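S.K.: Input: one structure, supplied below.
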Amino acid sequence: MQSNRFLLYGANGYTGELIARYAAQYGLEPIIAGRDASKIRPLAERLQLTWQVIDLNNKDALLKALREVKVVLHAAGPFRYTAKQMVEACLETGTHYLDINGDISVFEFIKRYDDKAKQAGVMLMPGVGFDVVPTDCLSLLLHKALPDAVSLKLAFASLGGGLSHGTAVTMADKLGEGGAQRISGEIKNVPLGRHGMTIDFGMKQLFVMSIPWGDVSTAHFTTGIPDIETYTGVTKNTFRMLKLQGLFNWILRMPAVRGYIKKKIGQKPAGPSDERREKAIGFVWGQAKNAAGKTVSARLTGPEGYTLTLHSSLLVIRKVLEGEIKTGYQTPAIVYGEDLVLEVPGMKREWVEQ
């Protein structure tokens, strides 16, 4: 095995292609893979990379590919449909598993393989992109500053940027399912947009609403804080509209409605252009509070989500290839610390005065 090689599955997707394009900057050589040769081969030829066509349901082909590498970055979502095959194959081949998932249910599902992963000497680390590296690092930072914290709020927003097809399709698959929040240590279903507030992100004050972000799962694993709520930037009009969503969730869950929305997504650009990404700014904010009401807050300013994802995932891949691993189910901050996010180019962190 070459020490700089890894398997990049889902390289033909918007984020996967970004990661493939930038891998050389980190001294890494991806073997790019996916199930569609018509999409994988042109990318491989353009980047002069080795490529493979693998269907996740072809177990023999998947096992053969994984035996050739120490680590796989799984970038083919929606992960609720693809994670199981890849995780179980990694456990069989002794290959470390990384992905760019942000779905709470997928984090919880992969966590169930913790014992098997330890027995196999494998690290399972979902969420090495914008979901959830910056928020996970901020969670650990705040917990270290306030070890007796009982609640945690996390928020992110951006100026500029946009959505990829993959992100949009994942969102479409969850239409009508509402929100989620961790309450007294348990993940509870709550209305989407249950709470809203205005946050000072430093450069700008922006309105945010509560959403079911991955940290509802992962931040609890990282910190043990029992109450966790996550937010994203929206307009106040969108927030007001979503207050009525509960009346229409049954419609949004209909396959025909979701199928129509996915068709419309497919007609749009694959994701934001390089120029748009480079101009966009991403913000992350977090606040921890203890039972006495004391709070600590901090924020991050840096690249938008897809740019952060390409850098953070490649940083983690390089660390894994260098032997920096911890077997079992893990989160980025648990293994690599709260300063991992500061290794992303252009990222700045500051404490917020109370």
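If you're wondering about the labels, chains in the structure tokens are A, B, ... by order shown, residues count from 1 in each chain, ligands from 1 in order shown.
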Which polymer residues have any atom within 12 Å of an atom of Asp200 of chain A, counting only C-alpha atoms, with same-chain residues fewer than 6 positions away left out, as a list of chain:residue names?
M.R.: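 Those residues are A:Ala155, A:Phe156, A:Ala157, A:Leu206, A:Phe207, A:Val208, A:Gly233, A:Phe283, A:Val284, A:Trp285, A:Gly286, A:Gln287, A:Ser297, A:Ala298, A:Arg299, A:Leu300, A:Thr301, A:Val352, A:Glu353, A:Gln354.
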S.K.: Could you list, as a PyMOL selection string, every residue within 9 Å of Leu152 of chain A, counting only C-alpha atoms and ignoring same-chain residues fewer than 4 positions away?
M.R.: chain A and resi 139+142-143+219+225-230+286-289
S.K.: Check segment 17-177 of chain A with DSSP on the backbone and list each residue it calls strand (DSSP E), as an NGL selection string.
M.R.: :A and (29-34 or 51-53 or 71-74 or 96-99 or 123-125 or 149-159)
S.K.: Just give me the gap between atom CA of Val296 of chain A and atom CA of Pro134 of chain A in Å, one decimal is fine.
M.R.: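 Distance reported for this atom pair: 16.8 Å.
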S.K.: Measuring between only C-alpha atoms, which one of A:Gly77, A:Gly328, A:Gly196, A:Gly323 shows the shortest distance to Tyr97 of chain A?
M.R.: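 Under the stated criterion, the closest residue is A:Gly328.
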S.K.: Tell me, counting only C-alpha atoms, for each residue of segment 3-34 of chain A within 12 Å of segment 109-129 of chain A, which pair of atoms is nearest and how far apart they are in Å to one decimal, in rows ordered by chain and increasing number, as CSV.
M.R.:
residue,atom,partner,partner_atom,distance
A:Thr15,CA,A:Gly129,CA,9.7
A:Gly16,CA,A:Gly129,CA,11.2
A:Ile19,CA,A:Gly129,CA,10.5
S.K.: Go ahead and write the residues just picked, N, CA and C atoms, as a compact mmCIF listing (two decimals), in the first residue's frame.
M.R.:
# COMPACT_ATOMS: atom_id res chain seq x y z
N THR A 15 -19.06 17.52 -3.95
CA THR A 15 -18.04 17.61 -2.91
C THR A 15 -16.91 16.62 -3.15
N GLY A 16 -17.26 15.42 -3.61
CA GLY A 16 -16.23 14.42 -3.91
C GLY A 16 -15.25 14.91 -4.96
N ILE A 19 -12.82 17.41 -3.44
CA ILE A 19 -11.80 16.73 -2.63
C ILE A 19 -10.75 16.10 -3.55
S.K.: Would you please work out which residue, of A:Gly214, A:Gly337, A:Gly13, A:Gly282, is nearest to Gly202 of chain A when using only C-alpha atoms?
M.R.: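 Nearest to Gly202 of chain A: A:Gly282.
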S.K.: In Å to one decimal, how far is atom CA of Thr135 of chain A from atom CA of Asp339 of chain A?
M.R.: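 Between atom CA of Asp339 of chain A and atom CA of Thr135 of chain A the gap is 11.5 Å.
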S.K.: Please indicate the distance in Å from atom CA of Thr327 of chain A to atom CA of Asp55 of chain A, rounded to one decimal place.
M.R.: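 Atom CA of Asp55 of chain A lies at a distance of 26.7 Å from atom CA of Thr327 of chain A.
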S.K.: List as a list of chain:residue names the protein and nucleic acid residues near Leu28 of chain A, meaning an atom at most 9 Å away when only C-alpha atoms are counted, but skip any in the same chain fewer than 4 places from it.
M.R.: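 In the requested format, the answer is A:Ser3, A:Asn4, A:Arg5, A:Phe6, A:Tyr22, A:Ala23, A:Ala24, A:Leu314, A:Ile317, A:Arg318.
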S.K.: With only C-alpha atoms as the basis for distance, which of A:Arg67, A:Lys348, A:Lys144, A:Arg80 is at the shortest distance from Glu92 of chain A?
M.R.: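 Of A:Arg67, A:Lys348, A:Lys144, A:Arg80, the one nearest Glu92 of chain A, counting only C-alpha atoms, is A:Arg67.
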S.K.: Which residues come within 12 Å of Ala20 of chain A, counting only C-alpha atoms, excluding same-chain residues fewer than 2 positions away, as an MDAnalysis selection string?
M.R.: chainID A and resid 5:18 22:33 40 43:51 73 75 309:311 313:314
